[in-house]
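With compact mmCIF, C-alpha atoms inside, this is structure_32.txt:
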```
# COMPACT_ATOMS: atom_id res chain seq x y z
CA MET A 18 131.91 15.93 -150.44
CA MET A 19 130.67 18.35 -153.02
CA LEU A 20 128.35 17.09 -155.70
CA ALA A 21 126.97 18.08 -159.03
CA GLU A 22 128.44 21.38 -160.04
CA GLN A 23 127.74 22.29 -163.61
CA ALA A 24 130.91 22.77 -165.65
CA HIS A 25 131.60 23.99 -169.13
CA ALA A 26 134.87 22.32 -170.00
CA SER A 27 135.76 22.46 -173.66
CA PRO A 28 136.78 19.31 -175.47
CA THR A 29 140.45 19.16 -176.40
CA LEU A 30 142.65 16.39 -177.72
CA ASP A 31 143.20 15.13 -174.18
CA TYR A 32 139.68 15.67 -172.98
CA PRO A 33 137.86 13.49 -172.24
CA VAL A 34 140.94 11.61 -171.01
CA PRO A 35 141.58 8.94 -173.68
CA PRO A 36 141.51 5.26 -172.63
CA GLU A 37 145.31 4.85 -172.83
CA HIS A 38 145.76 7.58 -170.23
CA ARG A 39 143.24 6.24 -167.73
CA ASN A 40 145.90 4.83 -165.44
CA GLY A 41 146.55 4.75 -161.72
CA ALA A 42 144.82 3.81 -158.50
CA LEU A 43 141.90 6.23 -158.82
CA TRP A 44 140.99 5.06 -162.31
CA ASP A 45 141.29 1.46 -161.15
CA ALA A 46 139.01 2.24 -158.21
CA LEU A 47 136.33 3.59 -160.55
CA ARG A 48 136.71 0.49 -162.75
CA GLU A 49 135.00 -1.25 -159.81
CA VAL A 50 132.01 1.10 -159.87
CA MET A 51 129.28 -0.35 -162.06
CA ASP A 52 126.44 1.39 -163.80
CA PRO A 53 123.37 0.92 -161.54
CA GLU A 54 121.50 -1.02 -164.22
CA ILE A 55 124.12 -2.90 -166.22
CA PRO A 56 127.23 -4.46 -164.71
CA VAL A 57 129.64 -2.45 -166.87
CA SER A 58 131.93 0.03 -165.14
CA LEU A 59 131.48 3.78 -165.41
CA VAL A 60 135.02 3.95 -166.85
CA ASP A 61 134.25 1.40 -169.58
CA LEU A 62 131.02 3.18 -170.43
CA GLY A 63 133.10 6.31 -171.02
CA LEU A 64 131.20 8.36 -168.43
CA ILE A 65 134.30 9.54 -166.56
CA TYR A 66 135.81 12.37 -168.58
CA ASP A 67 138.60 13.28 -166.17
CA LEU A 68 139.89 12.30 -162.79
CA ARG A 69 142.47 14.27 -160.77
CA LEU A 70 143.83 14.28 -157.26
CA VAL A 71 144.27 17.85 -156.11
CA GLY A 72 145.73 17.84 -152.62
CA GLU A 73 143.45 15.36 -150.87
CA THR A 74 140.48 16.05 -153.11
CA ALA A 75 139.61 13.60 -155.88
CA GLU A 76 138.06 15.68 -158.66
CA VAL A 77 135.83 13.79 -161.07
CA ASP A 78 134.34 15.05 -164.32
CA LEU A 79 131.26 12.92 -164.87
CA THR A 80 128.72 12.77 -167.67
CA TYR A 81 125.60 10.66 -168.18
CA THR A 82 124.27 8.72 -171.14
CA ALA A 83 121.24 11.03 -171.20
CA THR A 84 120.00 14.13 -169.41
CA ALA A 85 117.09 11.98 -168.26
CA CYS A 86 119.40 9.46 -166.59
CA PRO A 87 117.32 8.26 -163.65
CA CYS A 88 120.32 7.15 -161.63
CA THR A 89 122.39 10.32 -161.25
CA TYR A 90 122.21 10.24 -157.48
CA PHE A 91 123.30 6.59 -157.25
CA ILE A 92 126.17 7.09 -159.66
CA GLN A 93 127.50 10.08 -157.72
CA TYR A 94 127.05 8.29 -154.42
CA ASP A 95 128.86 5.16 -155.67
CA ILE A 96 131.78 7.18 -157.07
CA ALA A 97 132.23 9.15 -153.86
CA GLU A 98 131.88 6.07 -151.68
CA ARG A 99 134.53 4.15 -153.64
CA LEU A 100 137.04 6.98 -154.00
CA MET A 101 136.84 7.82 -150.30
CA ARG A 102 138.23 4.35 -149.61
CA GLU A 103 141.45 5.17 -151.51
CA PRO A 104 144.47 6.18 -149.43
CA GLY A 105 145.17 9.89 -149.70
CA VAL A 106 141.60 10.82 -150.63
CA GLY A 107 139.93 13.03 -148.03
CA ASP A 108 137.21 14.56 -150.18
CA VAL A 109 135.48 13.92 -153.50
CA ARG A 110 134.29 16.66 -155.77
CA ILE A 111 132.11 15.60 -158.70
CA THR A 112 131.43 17.94 -161.59
CA GLU A 113 128.63 17.11 -164.03
CA VAL A 114 129.74 17.80 -167.58
CA TRP A 115 127.71 17.71 -170.80
CA ASN A 116 130.39 18.91 -173.20
CA PRO A 117 131.36 16.95 -175.20
CA GLY A 118 128.15 14.96 -175.23
CA TRP A 119 128.29 11.26 -174.48
CA SER A 120 127.62 8.83 -177.28
CA LYS A 121 127.98 5.08 -177.58
CA ALA A 122 131.29 5.63 -179.39
CA ARG A 123 132.75 6.37 -175.94
CA VAL A 124 132.23 2.80 -174.71
CA SER A 125 135.61 1.03 -174.43
CA PRO A 126 136.35 -2.24 -176.27
CA GLU A 127 136.15 -4.04 -172.88
CA GLY A 128 132.79 -2.42 -172.24
CA ARG A 129 131.53 -3.48 -175.68
CA GLU A 130 132.62 -7.04 -175.04
CA ARG A 131 130.85 -7.04 -171.67
CA LEU A 132 127.65 -5.59 -173.16
CA LYS A 133 127.70 -8.24 -175.86
CA VAL A 134 127.83 -10.98 -173.21
CA LEU A 135 124.86 -9.31 -171.49
CA GLY A 136 122.91 -9.32 -174.73
CA VAL A 137 123.00 -5.55 -175.26
CA SER A 138 124.01 -4.44 -178.74
CA LEU A 139 125.40 -1.00 -179.51
CA MET B 85 96.96 -30.16 -181.95
CA SER B 86 100.05 -30.32 -179.78
CA ARG B 87 102.89 -32.57 -180.72
CA TYR B 88 103.14 -33.79 -177.09
CA THR B 89 100.72 -35.14 -174.51
CA GLU B 90 100.45 -33.25 -171.22
CA GLN B 91 102.61 -35.78 -169.43
CA GLU B 92 105.23 -35.87 -172.20
CA LEU B 93 105.60 -32.12 -172.12
CA LYS B 94 105.77 -32.01 -168.31
CA ASP B 95 108.53 -34.64 -168.37
CA LYS B 96 110.41 -32.85 -171.14
CA VAL B 97 110.44 -29.44 -169.46
CA GLN B 98 111.52 -30.98 -166.16
CA ASN B 99 114.52 -32.32 -168.10
CA GLY B 100 115.44 -28.91 -169.46
CA PHE B 101 113.40 -28.70 -172.67
CA ILE B 102 112.76 -25.08 -173.72
CA VAL B 103 109.44 -24.33 -175.42
CA GLU B 104 109.79 -21.81 -178.25
CA TYR B 105 106.64 -22.13 -180.39
CA PRO B 106 102.89 -22.43 -179.74
CA GLU B 107 102.76 -25.78 -181.57
CA GLU B 108 105.07 -27.26 -178.95
CA MET B 109 102.60 -26.34 -176.17
CA THR B 110 99.77 -28.42 -174.82
CA GLU B 111 96.49 -26.73 -173.96
CA GLY B 112 97.35 -26.97 -170.26
CA TYR B 113 100.77 -25.38 -170.78
CA ARG B 114 99.34 -22.59 -172.88
CA LYS B 115 96.65 -21.78 -170.31
CA ALA B 116 99.12 -21.76 -167.40
CA LEU B 117 101.52 -19.54 -169.35
CA ILE B 118 98.73 -17.12 -170.28
CA VAL B 119 97.69 -16.75 -166.63
CA GLN B 120 101.30 -16.16 -165.58
CA LEU B 121 101.91 -13.56 -168.29
CA LEU B 122 98.61 -11.79 -167.62
CA VAL B 123 99.39 -11.42 -163.93
CA GLN B 124 102.86 -10.14 -164.85
CA ALA B 125 101.62 -7.69 -167.49
CA ASP B 126 98.69 -6.37 -165.46
CA THR B 127 100.87 -5.89 -162.38
CA GLU B 128 103.46 -3.87 -164.27
CA LEU B 129 100.73 -1.86 -165.98
CA VAL B 130 98.73 -0.90 -162.91
CA SER B 131 101.84 0.00 -160.95
CA ALA B 132 102.25 2.94 -163.35
CA PRO B 133 99.20 4.96 -162.24
CA ALA B 134 99.78 3.92 -158.63
CA TYR B 135 103.37 5.21 -158.73
CA PHE B 136 102.41 8.26 -160.77
CA GLY B 137 100.08 9.55 -158.07
CA ALA B 138 102.82 9.48 -155.46
CA ALA B 139 105.64 10.63 -157.78
CA GLN B 140 104.08 14.07 -157.73
CA ASP B 141 105.28 14.26 -154.16
CA ALA B 142 108.95 14.02 -155.31
CA PRO B 143 111.17 16.33 -153.26
CA SER B 144 113.22 17.64 -156.23
CA THR B 145 113.22 17.66 -160.03
CA ASN B 146 116.12 15.22 -159.90
CA THR B 147 114.13 12.70 -157.88
CA MET B 148 111.08 13.37 -160.07
CA VAL B 149 113.21 12.18 -163.02
CA SER B 150 114.04 8.98 -161.13
CA ALA B 151 110.43 8.35 -160.14
CA THR B 152 109.03 8.94 -163.62
CA ALA B 153 111.80 6.78 -165.12
CA ILE B 154 110.58 3.94 -162.91
CA ILE B 155 107.04 4.50 -164.18
CA GLN B 156 108.32 4.47 -167.76
CA ASP B 157 110.10 1.15 -167.09
CA GLU B 158 106.95 -0.39 -165.63
CA LEU B 159 104.90 0.56 -168.68
CA ALA B 160 107.59 -0.89 -170.95
CA HIS B 161 107.68 -4.12 -168.95
CA ALA B 162 103.92 -4.40 -169.26
CA ASN B 163 104.22 -3.77 -172.99
CA ILE B 164 106.72 -6.64 -173.33
CA ALA B 165 104.50 -9.08 -171.45
CA TYR B 166 101.37 -8.13 -173.49
CA ARG B 167 103.48 -8.51 -176.63
CA LEU B 168 104.36 -12.07 -175.57
CA LEU B 169 100.65 -12.75 -175.05
CA GLU B 170 100.03 -11.82 -178.69
CA ASP B 171 102.22 -14.77 -179.71
CA LEU B 172 99.76 -16.96 -177.80
CA GLY B 173 96.84 -15.62 -179.81
CA LEU B 174 95.57 -12.89 -177.49
CA ASP B 175 94.79 -9.36 -178.61
CA LYS B 176 97.00 -6.85 -176.79
CA GLU B 177 94.68 -3.90 -177.35
CA GLN B 178 91.68 -5.83 -176.14
CA LEU B 179 93.61 -6.86 -173.04
CA VAL B 180 94.53 -3.28 -172.15
CA TYR B 181 91.50 -1.34 -173.40
CA GLY B 182 88.75 -3.94 -173.59
CA ARG B 183 88.57 -5.36 -170.08
CA ALA B 184 86.62 -4.09 -167.09
CA PRO B 185 88.73 -2.96 -164.10
CA HIS B 186 87.86 -6.01 -161.99
CA GLU B 187 89.03 -8.35 -164.75
CA PHE B 188 92.67 -7.29 -164.45
CA LYS B 189 94.83 -9.79 -162.62
CA HIS B 190 97.28 -7.65 -160.66
CA PRO B 191 97.58 -8.25 -156.92
CA TYR B 192 95.13 -6.66 -154.51
CA GLY B 193 97.97 -4.51 -153.10
CA PHE B 194 97.95 -2.35 -156.22
CA ASP B 195 94.29 -1.45 -155.74
CA HIS B 196 95.24 0.98 -152.99
CA ALA B 197 96.38 4.55 -153.32
CA LEU B 198 100.03 5.41 -152.81
CA GLU B 199 99.59 8.80 -151.27
CA ASN B 200 103.00 10.27 -150.57
CA TRP B 201 106.74 9.97 -151.27
CA ALA B 202 107.24 7.53 -148.36
CA GLU B 203 104.56 5.23 -149.74
CA LEU B 204 106.13 5.35 -153.19
CA VAL B 205 109.60 4.42 -151.98
CA VAL B 206 108.27 1.71 -149.67
CA ALA B 207 106.39 0.33 -152.69
CA ASN B 208 109.71 0.34 -154.57
CA GLY B 209 111.46 -1.31 -151.63
CA LEU B 210 108.78 -3.92 -150.85
CA TYR B 211 106.64 -4.47 -153.94
CA ASP B 212 109.45 -4.19 -156.47
CA ARG B 213 111.40 -6.61 -154.26
CA ALA B 214 108.42 -8.98 -154.54
CA GLY B 215 108.48 -8.46 -158.30
CA ILE B 216 112.19 -9.25 -158.50
CA THR B 217 111.73 -12.31 -156.29
CA LEU B 218 108.98 -13.64 -158.53
CA LEU B 219 110.42 -12.64 -161.91
CA GLY B 220 113.99 -13.58 -160.96
CA ASP B 221 112.73 -17.07 -160.20
CA VAL B 222 110.85 -17.15 -163.50
CA TYR B 223 113.98 -15.99 -165.35
CA ARG B 224 116.15 -18.70 -163.82
CA ASN B 225 113.64 -21.50 -164.26
CA THR B 226 111.10 -20.83 -166.99
CA SER B 227 110.75 -23.38 -169.76
CA TYR B 228 109.38 -20.69 -172.11
CA GLY B 229 112.30 -19.34 -174.15
CA PRO B 230 110.80 -16.02 -175.31
CA LEU B 231 109.94 -15.05 -171.73
CA LYS B 232 113.39 -15.94 -170.43
CA ARG B 233 115.02 -13.68 -173.02
CA ALA B 234 112.59 -10.83 -172.35
CA LEU B 235 113.29 -10.92 -168.64
CA VAL B 236 117.04 -10.20 -168.96
CA LYS B 237 116.53 -6.47 -169.27
CA VAL B 238 113.38 -6.35 -167.16
CA ASP B 239 115.23 -7.77 -164.17
CA GLN B 240 118.14 -5.35 -164.61
CA GLU B 241 115.75 -2.43 -164.57
CA GLU B 242 113.80 -3.70 -161.58
CA THR B 243 117.09 -3.74 -159.65
CA PHE B 244 117.27 0.02 -160.05
CA HIS B 245 113.70 0.41 -158.73
CA LEU B 246 114.60 -1.62 -155.70
CA ARG B 247 117.71 0.39 -155.03
CA HIS B 248 115.71 3.57 -155.36
CA GLY B 249 113.27 2.25 -152.76
CA GLU B 250 115.88 1.02 -150.33
CA MET B 251 118.03 4.14 -150.56
CA TRP B 252 115.06 6.40 -149.88
CA MET B 253 113.68 4.23 -147.09
CA LYS B 254 117.07 4.54 -145.38
CA ARG B 255 117.25 8.25 -145.97
CA LEU B 256 113.75 9.00 -144.68
CA ALA B 257 114.17 6.70 -141.68
CA ALA B 258 117.49 8.35 -140.81
CA ALA B 259 115.88 11.81 -141.04
CA GLY B 260 113.57 10.89 -138.16
CA GLY B 261 110.43 12.79 -137.20
CA GLU B 262 107.53 12.83 -139.62
CA ALA B 263 109.65 11.37 -142.44
CA ARG B 264 110.39 8.29 -140.38
CA GLU B 265 106.80 7.96 -139.14
CA LYS B 266 105.55 7.95 -142.73
CA VAL B 267 107.90 5.12 -143.65
CA GLN B 268 106.73 3.14 -140.61
CA ARG B 269 103.10 3.79 -141.47
CA ALA B 270 103.67 2.67 -145.07
CA VAL B 271 105.51 -0.49 -144.01
CA ASP B 272 102.74 -1.28 -141.52
CA TRP B 273 100.16 -1.73 -144.28
CA MET B 274 102.38 -2.72 -147.19
CA PHE B 275 104.46 -5.45 -145.53
CA PRO B 276 101.48 -7.79 -144.88
CA MET B 277 100.14 -6.86 -148.32
CA ALA B 278 103.32 -8.20 -149.96
CA VAL B 279 103.37 -11.28 -147.73
CA GLU B 280 99.83 -12.10 -148.87
CA TRP B 281 100.74 -11.43 -152.50
CA PHE B 282 102.74 -14.70 -152.66
CA GLY B 283 99.47 -16.59 -152.25
CA LEU B 284 98.33 -19.85 -150.68
CA PRO B 285 100.76 -21.63 -148.35
CA ASP B 286 102.29 -24.76 -149.90
CA GLY B 287 100.43 -27.04 -147.52
CA MET B 288 97.09 -25.88 -148.94
CA LYS B 289 98.05 -25.83 -152.58
CA ARG B 290 96.78 -29.00 -154.15
CA HIS B 291 98.26 -28.63 -157.56
CA SER B 292 100.53 -26.21 -159.35
CA GLY B 293 100.58 -26.23 -163.12
CA GLN B 294 103.20 -23.49 -163.10
CA LEU B 295 105.67 -25.74 -161.27
CA GLU B 296 104.82 -28.86 -163.28
CA TYR B 297 105.27 -27.01 -166.56
CA ARG B 298 108.38 -25.38 -165.13
CA LEU B 299 107.05 -21.87 -165.61
CA LYS B 300 108.59 -21.10 -162.24
CA GLY B 301 111.01 -22.89 -159.94
CA MET B 302 110.10 -22.02 -156.35
CA THR B 303 106.93 -22.68 -154.39
CA ASN B 304 104.84 -19.88 -152.87
CA ASP B 305 106.33 -20.39 -149.41
CA GLU B 306 109.89 -20.50 -150.76
CA LEU B 307 109.29 -17.24 -152.61
CA ARG B 308 107.73 -15.67 -149.50
CA GLN B 309 110.78 -16.70 -147.45
CA THR B 310 113.16 -15.32 -150.10
CA TRP B 311 111.33 -12.00 -149.98
CA MET B 312 111.39 -11.84 -146.18
CA LYS B 313 115.08 -12.76 -146.11
CA SER B 314 115.85 -9.42 -147.78
CA THR B 315 113.00 -7.29 -146.50
CA VAL B 316 113.04 -8.06 -142.77
CA PRO B 317 116.78 -7.28 -142.29
CA LEU B 318 116.46 -4.15 -144.44
CA CYS B 319 113.69 -2.76 -142.24
CA GLU B 320 115.38 -3.84 -139.01
CA SER B 321 118.64 -2.18 -140.08
CA ILE B 322 116.92 1.19 -140.40
CA GLY B 323 114.89 0.83 -137.22
CA ILE B 324 111.56 0.20 -138.92
CA ARG B 325 109.37 -2.41 -137.21
CA VAL B 326 107.99 -5.36 -139.17
CA PRO B 327 105.58 -8.04 -137.94
CA ALA B 328 108.01 -10.91 -138.66
CA HIS B 329 111.29 -12.26 -137.30
CA PHE B 330 113.88 -14.92 -138.00
CA ASP B 331 113.32 -18.09 -135.99
CA ALA B 332 116.75 -19.62 -135.34
CA GLU B 333 115.30 -23.00 -134.41
CA LYS B 334 113.16 -23.34 -137.52
CA GLN B 335 115.80 -21.55 -139.63
CA GLU B 336 113.14 -19.49 -141.32
CA PHE B 337 111.27 -16.24 -141.04
CA VAL B 338 107.99 -16.41 -139.16
CA LEU B 339 105.12 -13.96 -139.09
CA ASP B 340 104.11 -12.33 -135.82
CA TYR B 341 100.45 -11.99 -136.75
CA PRO B 342 97.60 -14.28 -137.76
CA PHE B 343 98.03 -15.15 -141.43
CA PRO B 344 95.95 -14.60 -143.39
CA CYS B 345 93.91 -11.90 -141.73
CA GLU B 346 91.39 -9.22 -142.61
CA TYR B 347 92.22 -5.75 -143.90
CA ASP B 348 90.39 -2.45 -143.60
CA PRO B 349 91.05 -0.71 -146.95
CA GLU B 350 89.61 2.64 -145.89
CA ALA B 351 91.84 2.89 -142.82
CA LYS B 352 94.75 1.09 -144.60
CA HIS B 353 94.99 -1.07 -141.52
CA TRP B 354 95.37 -4.83 -140.94
CA LEU B 355 93.03 -6.27 -138.33
CA PHE B 356 95.56 -8.46 -136.50
CA ASP B 357 93.38 -8.47 -133.38
CA GLU B 358 90.46 -10.16 -135.13
CA GLY B 359 92.50 -13.31 -135.73
CA GLU B 360 93.02 -15.63 -138.64
CA ILE B 361 90.56 -15.86 -141.51
CA SER B 362 90.24 -18.51 -144.23
CA TRP B 363 91.87 -18.25 -147.63
CA ASP B 364 88.40 -18.35 -149.16
CA GLN B 365 87.73 -15.06 -147.36
CA VAL B 366 91.00 -13.69 -148.77
CA PHE B 367 90.02 -14.70 -152.30
CA GLU B 368 86.65 -13.07 -151.74
CA ARG B 369 88.39 -9.81 -150.69
CA TRP B 370 90.73 -9.97 -153.70
CA LYS B 371 87.78 -10.56 -156.03
CA GLY B 372 85.97 -7.55 -154.62
CA ARG B 373 89.03 -5.44 -155.54
CA GLY B 374 90.32 -2.45 -153.62
CA PRO B 375 89.29 1.21 -153.60
CA MET B 376 91.53 2.42 -156.45
CA ASN B 377 90.89 -0.40 -158.91
CA ASP B 378 88.39 1.52 -160.97
CA ALA B 379 90.28 4.83 -160.99
CA TYR B 380 93.64 3.28 -161.93
CA ILE B 381 92.32 1.16 -164.79
CA THR B 382 90.12 3.99 -166.06
CA SER B 383 93.15 6.29 -166.15
CA ILE B 384 95.06 3.72 -168.19
CA GLN B 385 92.14 3.35 -170.59
CA GLU B 386 91.72 7.09 -171.24
CA GLY B 387 93.42 6.58 -174.60
CA ARG B 388 90.37 4.70 -175.82
CA ALA B 389 88.80 7.91 -177.12
CA VAL B 390 91.79 8.58 -179.39
CA ARG B 391 91.78 4.96 -180.51
CA ARG B 392 88.15 5.36 -181.59
CA MET B 393 89.00 8.49 -183.58
CA LEU B 394 91.79 6.66 -185.37
CA GLU B 395 89.58 3.68 -186.10
CA ALA B 396 86.78 5.90 -187.42
CA ALA B 397 89.10 7.86 -189.72
```

Take the structure I supplied and represent it as structure tokens, if you would.
Amino acid sequence: MMLAEQAHASPTLDYPVPPEHRNGALWDALREVMDPEIPVSLVDLGLIYDLRLVGETAEVDLTYTATACPCTYFIQYDIAERLMREPGVGDVRITEVWNPGWSKARVSPEGRERLKVLGVSL
Amino acid sequence: MSRYTEQELKDKVQNGFIVEYPEEMTEGYRKALIVQLLVQADTELVSAPAYFGAAQDAPSTNTMVSATAIIQDELAHANIAYRLLEDLGLDKEQLVYGRAPHEFKHPYGFDHALENWAELVVANGLYDRAGITLLGDVYRNTSYGPLKRALVKVDQEETFHLRHGEMWMKRLAAAGGEAREKVQRAVDWMFPMAVEWFGLPDGMKRHSGQLEYRLKGMTNDELRQTWMKSTVPLCESIGIRVPAHFDAEKQEFVLDYPFPCEYDPEAKHWLFDEGEISWDQVFERWKGRGPMNDAYITSIQEGRAVRRMLEAA
């Protein structure tokens, strides 16, 4: 498991992967991984920019809501722990990305709905 | 003048009535709520300097961010509770800057220095667990609407503190050697501290306004059991000894030492061998405050000088 490499991916039309293309078992697996503070998934918060299976390695591009996110270790741990339970995944490689920057516009409609129920307004 | 008598209000809140405004409170309700909020606010506030001292021992910048984020949360939680006290007619600035150190109402456990990373994460694992146990119960049961709403976010954030503590306790214990010994040493003095924090056993408590006014739902012993139900298995699972075990016959956790007992604050050591003491002796020790009381409160009140400049301008 390799964690936290800095990357400099450039935003394109397909990057971050738009919601309609977040399909398949790996995306579904990360829909079960909640933010450590609020029970909204990392996918619905828009923190997963890309997700690929290369050979047996699940490659994740991950951002945070802020550089001062206090939970980076937990988030990476939870992602790796969940993906390693998927068939065909033998390793997880997480890349921290800051480009494009996260903003609340990246929260999915499902995520917004969930936040509303929790009393958090965007 | 309240619109209800004491008994009317007690009956109403037991039937689910939610108090929203001061004019709905009786004097007894207001006093009990003020005490509860002061303990809550002062505890959150004083945890900040206590955690700050040990956060400087963080093993990386990444973990330093986590530790200081916890401190930031604690200050914000204190701020929310003091803000609620303003609605009850108290002066927030006087409460923070105008009281002497011994007048603060946080538990005795926070009058002791947290001296290293292990002590910080054990405080997160044990004390923040105590905080969640207490505040989670308040959230589920309180009859005071503004407090219930404020606690939604507070409880979410405390969950992160707890996870931080538990994850690091596991990691240090698994590392073995000095790292593990430091966790054991921290648990040795902090476990009984948290047990004592829940206060008088139910059998000795004559009267609880907080339960009658439905400012909380569980008794002291129920809260203590809830805390042990999480804490004892956590420590056992990582090979850290605790002076308590689950009694299958009684179906509850029991302590393996005389409770309450005396504590040596200089040595950070509980005097199990000297036997049980009375709760009056415990209250006397609490009243005398611990070695860091003065330093922690003074550090919080440093801003007084700037306040004076602003007031004079």

### Message
as a list in words, please: the residues near region 68-71 of chain A (cut-off 10 Å, only C-alpha atoms, same-chain neighbours under 3 positions excluded).
### Response
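After dropping sequence-adjacent residues, the list is Pro33, Val34, Arg39, Asn40, Leu43, Trp44, Leu47, Ile65, Thr74, Ala75, Glu76, Val77, Asp78, Leu79, Gly105, Val106, Asp108, Val109, Arg110 and Ile111 of chain A.
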
#### Entry: Nearest to chain B, chosen from A:Pro36, A:Leu64, A:Cys88, A:Val57, with all atoms listed in the file counted in the distances
A:Cys88

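Considering the residues B:Met253, B:Leu246, B:Ile384, B:Met288 and counting all atoms listed in the file, chain A has its shortest atom-to-atom contact with B:Leu246.
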
### Query
In terms of the shortest atom-to-atom distance over all atoms listed in the file, which of A:Val137, A:Gly107, A:Asp52, A:Glu127 is closest to Gly72 (chain A)?
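Going through A:Val137, A:Gly107, A:Asp52, A:Glu127 one by one, the smallest distance to Gly72 (chain A) is for A:Gly107.
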
Using only C-alpha atoms, tabulate the residues of chain B lying at most 7 Å from any atom of chain A, each with its closest atom pair and that distance in Å to one decimal, by chain and increasing residue number, as CSV.
```
residue,atom,partner,partner_atom,distance
B:Val149,CA,A:Pro87,CA,5.7
B:Ser150,CA,A:Pro87,CA,4.2
B:Ala153,CA,A:Pro87,CA,5.9
B:Gln240,CA,A:Glu54,CA,5.5
B:Glu241,CA,A:Glu54,CA,5.9
B:Thr243,CA,A:Glu54,CA,6.9
B:Phe244,CA,A:Glu54,CA,6.0
```

Now that the selection is made, can you save its residues with C-alpha atoms as a PDB file, in the frame of the given file?
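And here's result-v2.pdb as it stands now:
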```pdb
ATOM      1  CA  VAL B 149     113.210  12.180-163.020  1.00  0.00           C
ATOM      2  CA  SER B 150     114.040   8.980-161.130  1.00  0.00           C
ATOM      3  CA  ALA B 153     111.800   6.780-165.120  1.00  0.00           C
ATOM      4  CA  GLN B 240     118.140  -5.350-164.610  1.00  0.00           C
ATOM      5  CA  GLU B 241     115.750  -2.430-164.570  1.00  0.00           C
ATOM      6  CA  THR B 243     117.090  -3.740-159.650  1.00  0.00           C
ATOM      7  CA  PHE B 244     117.270   0.020-160.050  1.00  0.00           C
TER       8      PHE B 244
END
```

### Task
Grab the CA of Lys121 (chain A) to CA of Asp157 (chain B) distance for me, in Å with one decimal place.
21.1 Å
